[in-house]
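S.K.: Sending over model_11.cif (mmCIF, C-alpha atoms and all ligand atoms).
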data_query
loop_
_atom_site.label_atom_id
_atom_site.label_comp_id
_atom_site.auth_asym_id
_atom_site.auth_seq_id
_atom_site.Cartn_x
_atom_site.Cartn_y
_atom_site.Cartn_z
CA MET A 28 -12.69 129.14 126.60
CA GLU A 29 -12.30 129.88 122.92
CA MET A 30 -9.27 128.20 121.33
CA ILE A 31 -9.80 128.89 117.63
CA ARG A 32 -11.61 131.68 115.80
CA VAL A 33 -11.96 131.66 112.02
CA LYS A 34 -13.52 134.74 110.43
CA GLU A 35 -14.76 135.03 106.85
CA LEU A 36 -11.97 132.90 105.39
CA LYS A 37 -11.72 132.95 101.60
CA LYS A 38 -9.51 131.29 99.01
CA SER A 39 -9.96 131.12 95.24
CA TYR A 40 -8.06 129.27 92.55
CA GLY A 41 -8.78 131.27 89.42
CA SER A 42 -12.54 131.41 89.18
CA LEU A 43 -13.05 128.50 91.62
CA LYS A 44 -14.00 129.62 95.12
CA ALA A 45 -12.44 126.72 97.06
CA VAL A 46 -13.30 128.35 100.41
CA ASP A 47 -15.99 130.97 100.33
CA GLY A 48 -16.44 132.86 103.59
CA VAL A 49 -15.96 130.25 106.32
CA SER A 50 -16.45 131.41 109.93
CA LEU A 51 -16.36 129.22 113.01
CA THR A 52 -15.09 128.99 116.57
CA VAL A 53 -13.74 126.00 118.45
CA SER A 54 -13.67 125.82 122.26
CA GLU A 55 -10.82 124.41 124.29
CA GLY A 56 -11.15 120.64 124.69
CA GLU A 57 -13.67 120.28 121.90
CA ILE A 58 -13.58 117.89 118.93
CA PHE A 59 -14.75 119.97 115.99
CA GLY A 60 -15.47 118.35 112.64
CA LEU A 61 -15.60 119.49 109.04
CA LEU A 62 -17.92 117.09 107.23
CA GLY A 63 -18.35 117.21 103.48
CA PRO A 64 -17.80 115.36 100.23
CA ASN A 65 -14.57 115.39 98.20
CA GLY A 66 -13.76 118.87 96.97
CA ALA A 67 -15.95 120.63 99.56
CA GLY A 68 -12.97 122.71 100.73
CA LYS A 69 -12.17 120.89 103.98
CA THR A 70 -8.43 120.43 103.35
CA THR A 71 -8.02 123.98 102.08
CA THR A 72 -9.80 125.33 105.18
CA MET A 73 -7.68 123.21 107.53
CA GLU A 74 -4.42 124.11 105.84
CA MET A 75 -5.25 127.80 106.06
CA MET A 76 -6.03 127.34 109.77
CA GLU A 77 -2.68 125.58 110.20
CA GLY A 78 -0.79 128.39 108.46
CA LEU A 79 0.31 126.01 105.68
CA ARG A 80 -1.65 127.71 102.93
CA ASP A 81 -2.04 131.45 102.34
CA PHE A 82 -5.53 132.86 102.25
CA ASP A 83 -7.05 135.66 100.19
CA GLU A 84 -9.26 137.14 102.89
CA GLY A 85 -10.26 136.60 106.49
CA GLU A 86 -8.58 135.83 109.77
CA VAL A 87 -7.56 132.81 111.86
CA ILE A 88 -6.79 133.20 115.56
CA ILE A 89 -5.44 130.23 117.53
CA SER A 90 -4.86 130.50 121.27
CA GLY A 91 -5.05 134.29 120.94
CA LEU A 92 -2.45 134.46 118.15
CA SER A 93 -3.01 135.45 114.53
CA VAL A 94 -1.96 132.69 112.15
CA LYS A 95 -1.01 135.27 109.54
CA LYS A 96 1.04 137.53 111.80
CA ASP A 97 2.40 135.07 114.39
CA ARG A 98 2.76 131.95 112.27
CA LYS A 99 5.93 130.75 114.04
CA LYS A 100 4.46 131.05 117.52
CA VAL A 101 1.24 129.37 116.40
CA THR A 102 3.18 126.32 115.20
CA GLU A 103 4.30 125.69 118.80
CA HIS A 104 0.67 125.30 119.81
CA ILE A 105 -0.57 123.13 116.96
CA GLY A 106 0.11 119.59 115.79
CA VAL A 107 -0.68 118.59 112.22
CA GLN A 108 -1.08 114.99 111.14
CA LEU A 109 0.78 114.62 107.87
CA GLN A 110 -0.45 112.22 105.25
CA SER A 111 1.43 108.98 105.87
CA THR A 112 2.67 108.89 102.29
CA SER A 113 4.99 111.78 103.05
CA MET A 114 6.90 109.88 105.78
CA PHE A 115 10.36 108.44 105.24
CA ASP A 116 9.51 104.84 104.51
CA LEU A 117 12.88 103.33 105.31
CA LEU A 118 13.17 104.76 108.82
CA LYS A 119 12.06 102.79 111.85
CA VAL A 120 9.09 103.96 113.92
CA GLU A 121 11.27 104.97 116.85
CA GLU A 122 13.79 106.75 114.62
CA ILE A 123 11.28 109.02 112.98
CA LEU A 124 9.78 109.94 116.35
CA ARG A 125 13.24 110.83 117.70
CA MET A 126 13.99 112.81 114.57
CA TYR A 127 10.81 114.85 114.92
CA ALA A 128 11.46 115.31 118.64
CA SER A 129 14.85 116.85 117.83
CA PHE A 130 13.09 119.70 116.01
CA TYR A 131 11.51 121.00 119.21
CA LYS A 132 12.64 122.36 122.54
CA LYS A 133 9.49 121.27 124.32
CA ARG A 134 8.77 117.59 123.66
CA LYS A 135 7.08 114.52 125.01
CA PRO A 136 9.04 111.32 125.73
CA VAL A 137 9.03 109.02 122.69
CA ASP A 138 8.06 106.04 124.89
CA GLU A 139 4.95 107.86 126.02
CA ILE A 140 3.88 108.58 122.43
CA LEU A 141 4.52 104.96 121.39
CA GLU A 142 2.37 103.76 124.29
CA GLN A 143 -0.39 106.24 123.61
CA MET A 144 -0.53 105.36 119.91
CA ASN A 145 -0.44 101.63 120.65
CA LEU A 146 2.84 101.25 118.76
CA THR A 147 5.25 100.12 121.49
CA GLU A 148 5.60 96.67 119.92
CA LYS A 149 6.34 98.25 116.54
CA ARG A 150 9.08 100.61 117.75
CA LYS A 151 11.82 98.77 115.83
CA ALA A 152 9.73 98.15 112.72
CA ALA A 153 10.39 99.96 109.44
CA ILE A 154 7.62 102.39 108.51
CA LYS A 155 7.36 100.66 105.14
CA GLY A 156 6.04 97.47 106.75
CA LEU A 157 3.31 99.08 108.87
CA SER A 158 -0.39 98.58 108.17
CA GLY A 159 -2.53 101.54 107.10
CA GLY A 160 -3.91 101.96 110.62
CA GLN A 161 -0.46 101.80 112.22
CA LYS A 162 0.85 104.41 109.77
CA GLN A 163 -2.02 106.72 110.59
CA ARG A 164 -1.41 106.28 114.33
CA LEU A 165 2.28 107.07 113.79
CA ALA A 166 1.31 110.18 111.80
CA ILE A 167 -0.78 111.32 114.77
CA GLY A 168 2.07 110.45 117.14
CA LEU A 169 4.38 112.71 115.14
CA ALA A 170 1.86 115.53 115.43
CA LEU A 171 1.91 115.13 119.23
CA ILE A 172 5.66 115.14 119.79
CA HIS A 173 5.83 118.79 120.98
CA ASP A 174 2.74 118.34 123.15
CA PRO A 175 0.54 120.84 121.25
CA LYS A 176 -2.78 122.16 122.58
CA VAL A 177 -4.53 121.88 119.22
CA ILE A 178 -4.39 118.91 116.85
CA PHE A 179 -5.49 118.90 113.20
CA LEU A 180 -6.45 115.59 111.63
CA ASP A 181 -7.27 115.59 107.91
CA GLU A 182 -9.43 112.59 107.02
CA PRO A 183 -7.58 110.40 109.54
CA THR A 184 -9.44 107.18 108.74
CA THR A 185 -9.85 107.35 104.97
CA GLY A 186 -8.90 104.01 103.46
CA LEU A 187 -8.82 102.14 106.78
CA ASP A 188 -10.84 99.00 107.47
CA PRO A 189 -13.61 99.23 110.10
CA GLN A 190 -11.49 97.74 112.88
CA ALA A 191 -8.55 100.10 112.29
CA ARG A 192 -11.02 102.98 112.03
CA ARG A 193 -12.49 102.19 115.43
CA ALA A 194 -9.02 101.88 116.98
CA LEU A 195 -8.24 105.36 115.68
CA TRP A 196 -11.50 106.74 117.07
CA ASP A 197 -10.44 105.51 120.53
CA ILE A 198 -7.15 107.35 120.16
CA VAL A 199 -8.90 110.57 119.16
CA LEU A 200 -11.33 110.30 122.10
CA ASN A 201 -8.40 109.66 124.40
CA LEU A 202 -6.71 112.86 123.21
CA LYS A 203 -9.88 114.76 124.02
CA GLN A 204 -9.83 113.28 127.53
CA GLN A 205 -6.37 114.73 127.94
CA GLY A 206 -7.84 118.15 127.24
CA LYS A 207 -6.61 118.55 123.67
CA THR A 208 -8.61 120.58 121.17
CA ILE A 209 -9.10 118.65 117.95
CA VAL A 210 -10.16 119.75 114.48
CA LEU A 211 -10.80 116.92 112.05
CA SER A 212 -12.16 116.55 108.57
CA THR A 213 -14.05 113.55 107.33
CA HIS A 214 -16.50 112.45 104.71
CA TYR A 215 -17.80 109.64 106.91
CA MET A 216 -20.99 110.69 108.64
CA GLU A 217 -20.70 107.92 111.22
CA GLU A 218 -17.25 109.14 112.19
CA ALA A 219 -18.51 112.71 112.49
CA TYR A 220 -21.42 111.50 114.62
CA VAL A 221 -19.30 109.39 116.98
CA LEU A 222 -16.37 111.77 117.45
CA CYS A 223 -17.48 115.37 117.07
CA ASP A 224 -18.90 117.60 119.77
CA ARG A 225 -19.89 120.03 117.03
CA LEU A 226 -19.46 119.99 113.31
CA ALA A 227 -19.75 122.14 110.24
CA ILE A 228 -21.30 120.60 107.16
CA MET A 229 -19.36 121.94 104.16
CA ASP A 230 -20.20 121.95 100.50
CA GLN A 231 -18.69 123.95 97.66
CA GLY A 232 -16.51 126.06 99.95
CA LYS A 233 -19.33 127.11 102.27
CA ILE A 234 -20.62 126.03 105.67
CA MET A 235 -24.19 124.86 105.15
CA ALA A 236 -24.94 124.16 108.82
CA LEU A 237 -23.04 124.12 112.10
CA ASP A 238 -24.17 122.50 115.35
CA THR A 239 -23.90 119.36 117.49
CA PRO A 240 -24.62 116.15 115.51
CA ASP A 241 -27.85 115.56 117.43
CA ASN A 242 -29.08 119.11 116.93
CA LEU A 243 -28.35 118.89 113.21
CA ILE A 244 -30.44 115.73 112.95
CA ALA A 245 -33.18 117.16 115.19
CA SER A 246 -33.35 120.26 112.99
CA LEU A 247 -34.69 118.07 110.19
CA GLU A 248 -37.92 117.55 112.15
CA MET A 249 -38.05 114.03 110.84
CA GLU A 250 -37.28 111.08 113.00
CA SER A 251 -37.15 108.36 110.41
CA ALA A 252 -36.65 107.75 106.73
CA ILE A 253 -38.38 105.23 104.50
CA GLN A 254 -36.45 104.43 101.36
CA PHE A 255 -37.44 102.26 98.40
CA LYS A 256 -37.05 101.86 94.66
CA TRP A 257 -39.51 104.13 92.87
CA GLU A 258 -39.92 104.80 89.20
CA ASN A 259 -43.16 106.78 89.39
CA GLU A 260 -44.05 110.36 90.29
CA VAL A 261 -43.06 111.20 93.88
CA GLN A 262 -45.63 113.93 94.34
CA PRO A 263 -48.54 111.69 95.47
CA LEU A 264 -46.32 110.34 98.27
CA GLU A 265 -46.17 113.79 99.87
CA SER A 266 -49.76 113.56 101.11
CA LEU A 267 -49.28 110.26 102.97
CA HIS A 268 -49.79 110.32 106.75
CA HIS A 269 -47.06 112.10 108.78
CA ILE A 270 -44.72 112.49 105.82
CA THR A 271 -42.81 115.73 106.28
CA LYS A 272 -40.64 115.64 103.17
CA VAL A 273 -40.12 113.57 100.05
CA THR A 274 -36.91 113.46 98.09
CA THR A 275 -35.09 111.16 95.67
CA ILE A 276 -31.61 109.64 95.42
CA LYS A 277 -30.98 108.09 92.03
CA ASP A 278 -33.81 105.59 91.44
CA GLN A 279 -34.94 105.62 95.07
CA ALA A 280 -37.57 107.67 96.87
CA VAL A 281 -36.85 108.81 100.42
CA LEU A 282 -39.78 109.75 102.64
CA TYR A 283 -39.13 111.44 105.96
CA THR A 284 -41.68 110.94 108.67
CA THR A 285 -42.46 111.84 112.24
CA ASN A 286 -44.40 108.58 112.69
CA LEU A 287 -42.79 105.60 111.01
CA GLN A 288 -45.53 103.07 111.67
CA GLU A 289 -48.43 105.20 110.43
CA SER A 290 -46.51 106.33 107.36
CA LEU A 291 -45.53 102.77 106.46
CA ILE A 292 -49.14 101.60 106.71
CA ALA A 293 -50.22 104.51 104.51
CA LEU A 294 -47.50 103.77 101.97
CA ILE A 295 -48.40 100.10 101.73
CA LYS A 296 -52.11 100.91 101.33
CA PHE A 297 -51.29 103.47 98.65
CA THR A 298 -49.10 101.10 96.63
CA GLU A 299 -51.70 98.32 96.90
CA LEU A 300 -54.41 100.61 95.56
CA GLU A 301 -52.17 101.75 92.73
CA ASN A 302 -51.07 98.19 92.09
CA ILE A 303 -47.39 99.04 92.50
CA GLN A 304 -44.96 96.56 93.98
CA LEU A 305 -42.64 98.03 96.64
CA GLN A 306 -39.03 97.08 96.02
CA ASP A 307 -35.90 97.36 98.20
CA LEU A 308 -37.89 98.85 101.07
CA GLN A 309 -35.76 100.01 104.01
CA THR A 310 -36.53 102.05 107.08
CA ARG A 311 -34.00 103.79 109.29
CA ARG A 312 -33.52 106.62 111.72
CA ALA A 313 -32.54 109.94 110.14
CA THR A 314 -28.76 110.48 110.06
CA LEU A 315 -26.25 113.19 109.21
CA GLU A 316 -26.39 111.82 105.67
CA ASP A 317 -30.03 112.95 105.53
CA VAL A 318 -29.05 116.38 106.87
CA PHE A 319 -26.55 116.67 104.03
CA LEU A 320 -29.09 115.50 101.49
CA GLN A 321 -31.60 118.08 102.71
CA LEU A 322 -29.08 120.90 102.61
CA THR A 323 -27.55 120.17 99.22
CA GLY A 324 -29.93 117.87 97.37
CA ARG A 325 -27.04 115.45 96.94
CA SER A 326 -25.73 112.44 98.77
CA LEU A 327 -22.57 112.72 100.87
CA ARG A 328 -21.30 109.48 99.38
CA GLU A 329 -21.52 110.53 95.75
CA GLU A 330 -17.92 110.88 94.68
N1 LIG B 1 -3.65 124.07 94.70
C1 LIG B 1 -4.83 124.06 94.09
N2 LIG B 1 -5.00 124.54 92.84
C2 LIG B 1 -6.19 124.55 92.23
N3 LIG B 1 -7.34 124.07 92.80
C3 LIG B 1 -7.24 123.58 94.03
C4 LIG B 1 -5.99 123.53 94.75
N4 LIG B 1 -6.23 122.98 95.96
C5 LIG B 1 -7.54 122.67 96.00
N5 LIG B 1 -8.16 123.03 94.86
C6 LIG B 1 -9.60 122.87 94.56
O1 LIG B 1 -10.34 123.46 95.63
C7 LIG B 1 -11.50 122.69 95.94
C8 LIG B 1 -11.47 122.28 97.40
O2 LIG B 1 -10.46 121.32 97.59
P1 LIG B 1 -10.13 120.66 99.00
O3 LIG B 1 -8.95 119.75 98.81
O4 LIG B 1 -10.01 121.71 100.03
O5 LIG B 1 -11.44 119.82 99.27
P2 LIG B 1 -11.71 118.70 100.36
O6 LIG B 1 -13.05 118.98 100.92
O7 LIG B 1 -10.59 118.61 101.31
O8 LIG B 1 -11.77 117.40 99.48
P3 LIG B 1 -10.92 116.05 99.60
O9 LIG B 1 -11.71 115.19 100.51
O10 LIG B 1 -10.94 115.56 98.18
O11 LIG B 1 -9.55 116.41 100.06
C9 LIG B 1 -11.49 121.52 94.98
O12 LIG B 1 -12.33 121.81 93.90
C10 LIG B 1 -10.03 121.43 94.54
O13 LIG B 1 -9.95 120.87 93.25
#
Render the structure in this file as structure tokens.
Ligand SMILES: Nc1ncnc2c1ncn2[C@@H]1O[C@H](COP(=O)(O)OP(=O)(O)OP(=O)(O)O)[C@@H](O)[C@H]1O
M.R.:
Amino acid sequence: MEMIRVKELKKSYGSLKAVDGVSLTVSEGEIFGLLGPNGAGKTTTMEMMEGLRDFDEGEVIISGLSVKKDRKKVTEHIGVQLQSTSMFDLLKVEEILRMYASFYKKRKPVDEILEQMNLTEKRKAAIKGLSGGQKQRLAIGLALIHDPKVIFLDEPTTGLDPQARRALWDIVLNLKQQGKTIVLSTHYMEEAYVLCDRLAIMDQGKIMALDTPDNLIASLEMESAIQFKWENEVQPLESLHHITKVTTIKDQAVLYTTNLQESLIALIKFTELENIQLQDLQTRRATLEDVFLQLTGRSLREE
């Protein structure tokens, strides 16, 4: 069943097209991701979907309701994780949850939320003293207080250490198990890969590709990448065995191949003949990062 439909959404700031014709659908129970670098338009898109930002053109339908026309009703169905910086620092964890609960008629027991977010032991702690991961979990807990069907998470793990990030992934996967529909934005390809059923790769306000993570990688028709420092012409590398594509990132060459072993042998032979020393040689399976690189010619991690 379709839970969200976004049609030709557009938003400009002066001459900058922050969101430039975004269309997508999200099914009930799905985790849908917006993956893209800083400034790609992910936050603007999400806030328009949430009814928090006006849009110039297009339409957003959530659970059969138009976000533009039925904004109030839509808010009953959606939960939005606020950035933790906007929480009242001096309140205790339990207090802020009770305060948020008082805003709604339909609400979940605070104890249940504390348990679900792994914060029961911190119920009496001041928000100020929480770790980054605990604050993010509380922010998600606040978004769940009225038991919404759809949850929006904007870069939920940015700035967290790997352990806190993984703990948050478990919470997101747990929400999916409860049947929630989740839309999240991220610029971490690993996060997008682990969490999302489908994702849209965004750049400069546009969706460049939309599919399951595995299909996006498979669409590259390149199983592996060989990367190494290269200060010479890349063109001769294109004719090496099984190489499907050659590209560069900064001072590195990236060769994509359908047969890693044969291509590596060919590369080593070639560099020996040319008397070139291979430096910083790495091989890896193709990732969403490579999909992004192919689509935009840039690296996802370039800030
Ligand atoms: N209120 C605003 N006024 C002017 N420009 C804006 C405004 N909000 C966003 N922009 C611009 O729109 C573009 C998209 O921004 P947006 O915050 O949606 O990107 P993002 O993908 O979420 O990036 P980030 O990861 O940095 O949040 C950026 O170039 C940004 O500078």
S.K.: For A:Ile178, which residue among A:Gln279, A:Thr208, A:Gln262, A:Asn286 is the nearest when counting all atoms listed in the file?
M.R.: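 Under the stated criterion, the closest residue is A:Thr208.
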S.K.: Using all atoms listed in the file, find each residue with an atom at most 10 Å away from ligand LIG 1 (chain B) and format the answer as number ranges by chain.
M.R.: A: 38-46, 61-75, 80, 181-182, 185, 212-214, 229-232, 330
S.K.: Smallest atom-to-atom distance to A:Leu211: which of A:Gly78, A:Gly186, A:Gly324, A:Gly106, using only C-alpha atoms?
M.R.: A:Gly106
S.K.: Using all atoms listed in the file, which residues sit within 9 Å of A:Val107 once same-chain residues fewer than 5 positions away are excluded, as a list in words?
M.R.: Glu77, Ala166, Ile167, Leu169, Ala170, Leu171, Val177, Ile178, Phe179, Leu180 and Asp181 of chain A
S.K.: Which protein, DNA or RNA residues are at most 7 Å from (-2.9, 136.2, 106.3) in the file's coordinates when you count all atoms listed in the file, listed as number ranges by chain?
M.R.: A: 81-82, 86, 94-96
S.K.: I'd like the contact shell of stretch 138-143 of chain A - 10 Å cut-off, all atoms listed in the file, skipping same-chain residues fewer than 6 positions apart - returned as a list of chain:residue names.
M.R.: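 My list of contacting residues is A:Val120, A:Glu121, A:Leu124, A:Lys149, A:Arg150, A:Arg164, A:Leu165, A:Ile167, A:Gly168, A:Leu169, A:Leu171, A:Ile172, A:Asp174, A:Ile198, A:Asn201, A:Leu202.
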S.K.: Using only C-alpha atoms and a cutoff of 12 Å, can you tell me which residues are near (-26.2, 108.3, 110.9) in the file's coordinates, and write them out as a ChimeraX atom specification?
M.R.: /A:215-221,240-241,243-244,250-252,311-319,327
S.K.: Please report the interatomic distance between atom CA of A:Lys100 and atom CA of A:Thr52 in Å with one decimal.
M.R.: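 A separation of 19.7 Å between them.
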S.K.: Looking at all atoms listed in the file, which of A:Asn259, A:Ile276, A:Gln163, A:Lys233 is the one that sits closest to A:Thr298?
M.R.: A:Asn259
S.K.: Ranking A:Lys277, A:Val33, A:Lys272, A:Pro263 by minimum distance to A:Glu301 and counting only C-alpha atoms, which one comes first?
M.R.: A:Pro263
S.K.: In Å, rounded to a single decimal, give me how far atom CA of A:Asn242 is from atom CA of A:Asp307.
M.R.: 29.5 Å
S.K.: Can you tell me how far atom CA of A:Thr310 sits from atom CA of A:Leu264, in Å to one decimal?
M.R.: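 For atom CA of A:Thr310 relative to atom CA of A:Leu264, the distance reads 15.6 Å.
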S.K.: I'd like the neighbourhood of A:Arg32 as a PyMOL selection string, where a residue qualifies if any of its atoms comes within 7 Å (using all atoms listed in the file), though same-chain residues fewer than 2 positions away should be ignored.
M.R.: chain A and resi 30+34+51-53+87-89
S.K.: Between A:Ala227, A:Val101, A:Leu109, A:Val261, which is the closest to A:Pro183 once you count all atoms listed in the file?
M.R.: A:Leu109
S.K.: Which residue, A:Gln321, A:Ser129, A:Ser93, A:Thr147, has the smallest gap to A:Ala236 when you use all atoms listed in the file?
M.R.: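 Closest candidate: A:Gln321.
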S.K.: I'd like the contact shell of A:Trp257 - 9 Å cut-off, all atoms listed in the file, skipping same-chain residues fewer than 4 positions apart - returned as a list in words.
M.R.: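 Once the adjacent positions are removed, what remains is Val261, Thr275, Asp278, Gln279, Ala280, Leu305 and Gln306 of chain A.
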S.K.: Could you put an axis-aligned box around every listed atom of stretch 125-128 of chain A, padded by 8 Å on each side, and send me its centre and edge lengths in Å to one decimal, as JSON?
M.R.:
{"center_x": 12.4, "center_y": 113.1, "center_z": 116.6, "size_x": 19.2, "size_y": 20.5, "size_z": 20.1}
